[in-house]
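Peer 1: Here it is, the structure in full.
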Amino acid sequence: MTVRVQPEPFDAGAELNGFAQGRSDVGAIVSFTGVVRDVDGGLREMQIEHYPGMTEAAIAGIVAQACERWSLADALVIHRHGPLAVGAPIMMVATAAAHRVAAFEAADFLMDYLKSRAPFWKKEVTVNGAEWVAAKDADEDALNRW
Amino acid sequence: MTVRVQPEPFDAGAELNGFAQGRSDVGAIVSFTGVVRDVDGGLREMQIEHYPGMTEAAIAGIVAQACERWSLADALVIHRHGPLAVGAPIMMVATAAAHRVAAFEAADFLMDYLKSRAPFWKKEVTVNGAEWVAAKDADEDALNRW
Amino acid sequence: MNVMYFAWVRERIGIPHETVDSDAATVADLVAELVAREDRYAAAFADVSALRVALDQELAAFDAPLAGVREVAFFPPMTGG
Amino acid sequence: MNVMYFAWVRERIGIPHETVDSDAATVADLVAELVAREDRYAAAFADVSALRVALDQELAAFDAPLAGVREVAFFPPMTGG
């Protein structure tokens, strides 16, 4: 189980290849990569603020929950903070399990919980100024699935 | 949209990095990698037979359906055939969309359909002999979700 | 008409494909003709509910008509992914 | 007690954290004390239903007691992932 919170970019492909290597009990690996998306062609930069200390603890708690509930062989979460360019990777989740259903569900669960329970805040800097991204009701509702 | 059916191994990390590159409309990328899993420490090799021609057409049909239903920016399917060693990658699916729900659902759908509707057959060669893998009712049932 | 066999169907019949001259109206009629031929066909088609069929590379039902079909394939349920 | 502010709460109050001497029994009492101080606090806490609070780095409710708490953090709903 790996959790990293960092300002530096990461190489999603290299992380995927390094993940769950050499385990013969793994049949399914799911990864999610979040990327800075240009909404209307006007995004200059995304800024991510976080709460050092609480961030790592909150993510570790969510990952431990997922590992137990879906009997994961391994799990990985990387989340960046600081200024991010359009097209840059924001974060990544990977899960490894014996079967595909567990790997898919656990990755989906991790994303829902990270989105609404890990202390990160996104600010979009556009050609028209900077604005904090508002939380979506749908993201909060998504937690009720689990 | 990319579909490849091949005996050669592939590099899941390199495929993930090459996928959906340079598209500013993508916020979410999900990948699934299937790996030859050693069930009881007795697996020598996995053999995959397929139906050349029908395989490519069936996969392309399933991918086109997913792209339309979830408005995917891009989708990738790689599936191997022939003899595969324990721990080797069997196949890979990747989806790219604006938002995470679409990317997750489309990848999940692709896996369910590839498993039961693309003409591949797995044979496990163990220390006790060779046996064709039986289709699971759960895999057929999974299609009813969509 | 080209008839193809995959996985354990291929192994039981002993060949991957063959050309069959038949006036069978449906897939089920063709299966009946093959079963009547030899024990290895009877063994392969003993339980058609355990089998799938594709006509010209598209999945079909056992009561589907064969008119105009060039390629018939018999195989067990798929297990890819 | 160390009080921290994040995202637009931090921007409205103008500082990322401060040491607050308070006998407030609950988070809500502490918020009332801060709001009474200056307009920038009143602006930040105008609608507490739009805010979240963490006590010693764990999410808590606004009626949670502050006894023994060393670090209180106020912030809008999270938007990571």
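By order of appearance in the structure tokens: chains A, B, ..., then residues from 1 within every chain, and ligands from 1 in the order shown.
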Write out chain C, as a PDB file with C-alpha atoms, in the first residue's frame, after superposing it onto chain D by least squares using every C-alpha atom paired in order.

Peer 2:
```pdb
ATOM      1  CA  MET C   1      -5.292  26.410  20.330  1.00  0.00           C
ATOM      2  CA  ASN C   2      -4.072  26.530  16.726  1.00  0.00           C
ATOM      3  CA  VAL C   3      -6.835  27.587  14.318  1.00  0.00           C
ATOM      4  CA  MET C   4      -6.288  26.963  10.586  1.00  0.00           C
ATOM      5  CA  TYR C   5      -8.123  28.245   7.535  1.00  0.00           C
ATOM      6  CA  PHE C   6      -8.065  26.783   4.032  1.00  0.00           C
ATOM      7  CA  ALA C   7      -9.177  27.768   0.511  1.00  0.00           C
ATOM      8  CA  TRP C   8     -11.638  30.690   0.413  1.00  0.00           C
ATOM      9  CA  VAL C   9     -11.994  30.689   4.216  1.00  0.00           C
ATOM     10  CA  ARG C  10      -8.265  31.453   4.387  1.00  0.00           C
ATOM     11  CA  GLU C  11      -8.622  34.136   1.714  1.00  0.00           C
ATOM     12  CA  ARG C  12     -11.531  35.880   3.464  1.00  0.00           C
ATOM     13  CA  ILE C  13      -9.873  35.880   6.875  1.00  0.00           C
ATOM     14  CA  GLY C  14      -6.547  36.796   5.296  1.00  0.00           C
ATOM     15  CA  ILE C  15      -4.276  34.453   7.246  1.00  0.00           C
ATOM     16  CA  PRO C  16      -3.601  30.686   7.002  1.00  0.00           C
ATOM     17  CA  HIS C  17      -3.552  30.056  10.767  1.00  0.00           C
ATOM     18  CA  GLU C  18      -3.392  31.769  14.141  1.00  0.00           C
ATOM     19  CA  THR C  19      -3.201  30.962  17.820  1.00  0.00           C
ATOM     20  CA  VAL C  20      -6.507  31.628  19.566  1.00  0.00           C
ATOM     21  CA  ASP C  21      -7.015  31.839  23.333  1.00  0.00           C
ATOM     22  CA  SER C  22     -10.554  30.726  23.970  1.00  0.00           C
ATOM     23  CA  ASP C  23     -12.723  28.981  26.536  1.00  0.00           C
ATOM     24  CA  ALA C  24     -15.315  28.082  23.883  1.00  0.00           C
ATOM     25  CA  ALA C  25     -16.992  24.802  24.803  1.00  0.00           C
ATOM     26  CA  THR C  26     -17.879  23.798  21.242  1.00  0.00           C
ATOM     27  CA  VAL C  27     -16.873  24.578  17.677  1.00  0.00           C
ATOM     28  CA  ALA C  28     -20.034  26.685  17.296  1.00  0.00           C
ATOM     29  CA  ASP C  29     -19.055  28.744  20.363  1.00  0.00           C
ATOM     30  CA  LEU C  30     -15.596  29.330  18.872  1.00  0.00           C
ATOM     31  CA  VAL C  31     -17.160  30.426  15.573  1.00  0.00           C
ATOM     32  CA  ALA C  32     -19.389  32.903  17.480  1.00  0.00           C
ATOM     33  CA  GLU C  33     -16.321  34.357  19.233  1.00  0.00           C
ATOM     34  CA  LEU C  34     -14.436  34.756  15.932  1.00  0.00           C
ATOM     35  CA  VAL C  35     -17.441  36.289  14.127  1.00  0.00           C
ATOM     36  CA  ALA C  36     -17.744  38.891  16.930  1.00  0.00           C
ATOM     37  CA  ARG C  37     -14.130  39.938  16.380  1.00  0.00           C
ATOM     38  CA  GLU C  38     -14.025  41.482  12.910  1.00  0.00           C
ATOM     39  CA  ASP C  39     -15.943  41.712   9.639  1.00  0.00           C
ATOM     40  CA  ARG C  40     -13.533  39.394   7.794  1.00  0.00           C
ATOM     41  CA  TYR C  41     -14.397  36.580  10.220  1.00  0.00           C
ATOM     42  CA  ALA C  42     -18.112  37.366   9.887  1.00  0.00           C
ATOM     43  CA  ALA C  43     -17.696  37.161   6.098  1.00  0.00           C
ATOM     44  CA  ALA C  44     -15.891  33.801   6.279  1.00  0.00           C
ATOM     45  CA  PHE C  45     -18.433  32.266   8.673  1.00  0.00           C
ATOM     46  CA  ALA C  46     -21.564  33.871   7.176  1.00  0.00           C
ATOM     47  CA  ASP C  47     -22.941  30.452   6.220  1.00  0.00           C
ATOM     48  CA  VAL C  48     -21.514  27.643   8.337  1.00  0.00           C
ATOM     49  CA  SER C  49     -23.589  25.090   6.407  1.00  0.00           C
ATOM     50  CA  ALA C  50     -21.137  25.767   3.544  1.00  0.00           C
ATOM     51  CA  LEU C  51     -18.195  24.940   5.814  1.00  0.00           C
ATOM     52  CA  ARG C  52     -16.490  21.897   7.255  1.00  0.00           C
ATOM     53  CA  VAL C  53     -14.443  21.634  10.430  1.00  0.00           C
ATOM     54  CA  ALA C  54     -11.675  19.276  11.515  1.00  0.00           C
ATOM     55  CA  LEU C  55     -10.538  18.797  15.127  1.00  0.00           C
ATOM     56  CA  ASP C  56      -6.970  17.544  15.441  1.00  0.00           C
ATOM     57  CA  GLN C  57      -7.143  16.596  11.742  1.00  0.00           C
ATOM     58  CA  GLU C  58     -10.350  14.595  11.923  1.00  0.00           C
ATOM     59  CA  LEU C  59     -13.645  15.776  10.441  1.00  0.00           C
ATOM     60  CA  ALA C  60     -16.102  16.830  13.164  1.00  0.00           C
ATOM     61  CA  ALA C  61     -19.486  18.501  13.636  1.00  0.00           C
ATOM     62  CA  PHE C  62     -20.026  22.144  14.631  1.00  0.00           C
ATOM     63  CA  ASP C  63     -21.531  21.074  17.950  1.00  0.00           C
ATOM     64  CA  ALA C  64     -18.469  18.956  18.833  1.00  0.00           C
ATOM     65  CA  PRO C  65     -16.764  19.833  22.173  1.00  0.00           C
ATOM     66  CA  LEU C  66     -13.348  21.531  22.085  1.00  0.00           C
ATOM     67  CA  ALA C  67     -12.016  20.111  25.361  1.00  0.00           C
ATOM     68  CA  GLY C  68      -8.475  18.835  24.817  1.00  0.00           C
ATOM     69  CA  VAL C  69      -8.373  19.890  21.161  1.00  0.00           C
ATOM     70  CA  ARG C  70      -5.092  21.456  20.001  1.00  0.00           C
ATOM     71  CA  GLU C  71      -5.862  22.141  16.335  1.00  0.00           C
ATOM     72  CA  VAL C  72      -9.097  23.373  14.750  1.00  0.00           C
ATOM     73  CA  ALA C  73      -9.367  23.786  10.971  1.00  0.00           C
ATOM     74  CA  PHE C  74     -12.130  25.475   8.971  1.00  0.00           C
ATOM     75  CA  PHE C  75     -12.550  24.951   5.229  1.00  0.00           C
ATOM     76  CA  PRO C  76     -15.120  24.590   2.452  1.00  0.00           C
ATOM     77  CA  PRO C  77     -16.228  21.106   1.282  1.00  0.00           C
ATOM     78  CA  MET C  78     -13.308  19.226  -0.272  1.00  0.00           C
ATOM     79  CA  THR C  79     -12.853  19.099  -4.029  1.00  0.00           C
ATOM     80  CA  GLY C  80      -9.905  16.772  -4.582  1.00  0.00           C
ATOM     81  CA  GLY C  81      -9.598  13.793  -6.891  1.00  0.00           C
TER      82      GLY C  81
END
```

Peer 1: At a cut-off of 12 Å, list the chain B residues touching chain D, using only C-alpha atoms, as a list in words.

Peer 2: Gly27, Ala28, His99 and Arg100 of chain B

Peer 1: Once you count only C-alpha atoms, which residues of chain A turn out to be within 8 Å of chain B? Could you give them as a PyMOL selection string?

Peer 2: chain A and resi 11-17+22-39+86-87+98+100+104+108

Peer 1: Show which residues sit within 10 Å of B:Pro83, as a VMD selection string. Count only C-alpha atoms, and ignore same-chain residues fewer than 4 positions away.

Peer 2: chain B and resid 7 to 8 45 to 49 122 to 125

Peer 1: Assign secondary structure with DSSP using the backbone only, and return the residues of chain C in strand (DSSP E or B) as an NGL selection string.

Peer 2: :C and (2-5 or 17-19 or 26 or 52-55 or 58-60 or 65 or 71-75)

Peer 1: Run DSSP on the backbone and tell me which residues of chain B come out as alpha helix (DSSP H); list them as an NGL selection string.

Peer 2: :B and (12-18 or 54-69 or 100-117 or 137-142)

Peer 1: Please dump the current selection as a PDB file, in the first residue's frame; keep C-alpha atoms.

Peer 2:
```pdb
ATOM      1  CA  ALA B  12       0.691  -1.621 -19.965  1.00  0.00           C
ATOM      2  CA  GLY B  13       2.465   1.483 -18.626  1.00  0.00           C
ATOM      3  CA  ALA B  14       3.652   2.599 -22.052  1.00  0.00           C
ATOM      4  CA  GLU B  15       0.174   1.961 -23.486  1.00  0.00           C
ATOM      5  CA  LEU B  16      -1.418   4.015 -20.699  1.00  0.00           C
ATOM      6  CA  ASN B  17       0.989   6.899 -21.291  1.00  0.00           C
ATOM      7  CA  GLY B  18       0.458   6.830 -25.046  1.00  0.00           C
ATOM      8  CA  MET B  54     -14.575 -12.426 -35.650  1.00  0.00           C
ATOM      9  CA  THR B  55     -12.475 -11.382 -32.633  1.00  0.00           C
ATOM     10  CA  GLU B  56     -11.492  -8.027 -34.078  1.00  0.00           C
ATOM     11  CA  ALA B  57     -15.014  -7.338 -35.367  1.00  0.00           C
ATOM     12  CA  ALA B  58     -16.670  -8.266 -32.063  1.00  0.00           C
ATOM     13  CA  ILE B  59     -14.293  -6.080 -30.034  1.00  0.00           C
ATOM     14  CA  ALA B  60     -14.656  -3.142 -32.429  1.00  0.00           C
ATOM     15  CA  GLY B  61     -18.448  -3.413 -32.125  1.00  0.00           C
ATOM     16  CA  ILE B  62     -18.332  -3.426 -28.325  1.00  0.00           C
ATOM     17  CA  VAL B  63     -15.893  -0.499 -28.228  1.00  0.00           C
ATOM     18  CA  ALA B  64     -18.019   1.564 -30.640  1.00  0.00           C
ATOM     19  CA  GLN B  65     -21.055   0.957 -28.425  1.00  0.00           C
ATOM     20  CA  ALA B  66     -19.135   2.116 -25.311  1.00  0.00           C
ATOM     21  CA  CYS B  67     -17.743   5.215 -27.072  1.00  0.00           C
ATOM     22  CA  GLU B  68     -21.214   6.329 -28.058  1.00  0.00           C
ATOM     23  CA  ARG B  69     -23.030   5.495 -24.829  1.00  0.00           C
ATOM     24  CA  ARG B 100     -14.758   9.917 -13.849  1.00  0.00           C
ATOM     25  CA  VAL B 101     -18.185   8.244 -13.784  1.00  0.00           C
ATOM     26  CA  ALA B 102     -18.242   7.811 -17.563  1.00  0.00           C
ATOM     27  CA  ALA B 103     -14.663   6.528 -17.684  1.00  0.00           C
ATOM     28  CA  PHE B 104     -15.302   3.985 -14.900  1.00  0.00           C
ATOM     29  CA  GLU B 105     -18.619   2.734 -16.245  1.00  0.00           C
ATOM     30  CA  ALA B 106     -17.357   2.384 -19.801  1.00  0.00           C
ATOM     31  CA  ALA B 107     -14.287   0.389 -18.709  1.00  0.00           C
ATOM     32  CA  ASP B 108     -16.457  -1.853 -16.528  1.00  0.00           C
ATOM     33  CA  PHE B 109     -18.901  -2.386 -19.433  1.00  0.00           C
ATOM     34  CA  LEU B 110     -16.071  -3.172 -21.868  1.00  0.00           C
ATOM     35  CA  MET B 111     -14.679  -5.806 -19.495  1.00  0.00           C
ATOM     36  CA  ASP B 112     -18.069  -7.467 -18.997  1.00  0.00           C
ATOM     37  CA  TYR B 113     -18.725  -7.619 -22.726  1.00  0.00           C
ATOM     38  CA  LEU B 114     -15.233  -8.701 -23.749  1.00  0.00           C
ATOM     39  CA  LYS B 115     -15.359 -11.516 -21.218  1.00  0.00           C
ATOM     40  CA  SER B 116     -18.564 -13.054 -22.545  1.00  0.00           C
ATOM     41  CA  ARG B 117     -18.973 -11.792 -26.118  1.00  0.00           C
ATOM     42  CA  ASP B 137     -22.795 -17.695 -14.696  1.00  0.00           C
ATOM     43  CA  ALA B 138     -21.736 -14.524 -12.863  1.00  0.00           C
ATOM     44  CA  ASP B 139     -20.000 -13.261 -16.010  1.00  0.00           C
ATOM     45  CA  GLU B 140     -23.110 -13.799 -18.109  1.00  0.00           C
ATOM     46  CA  ASP B 141     -25.265 -12.214 -15.395  1.00  0.00           C
ATOM     47  CA  ALA B 142     -22.956  -9.182 -15.316  1.00  0.00           C
TER      48      ALA B 142
END
```

Peer 1: Report, in Å with one decimal, the straight-line distance from atom CA of B:Gln6 to atom CA of B:His81.

Peer 2: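 According to the coordinates, atom CA of B:Gln6 and atom CA of B:His81 are separated by 6.1 Å.
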
Peer 1: To one decimal place in Å, what is the distance between atom CA of A:Ala85 and atom CA of A:Phe10?

Peer 2: 13.2 Å

Peer 1: Rounded to one decimal, what separation in Å do you get between atom CA of B:Leu76 and atom CA of B:Thr2?

Peer 2: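 Spanning atom CA of B:Leu76 to atom CA of B:Thr2 is a straight-line distance of 4.8 Å.
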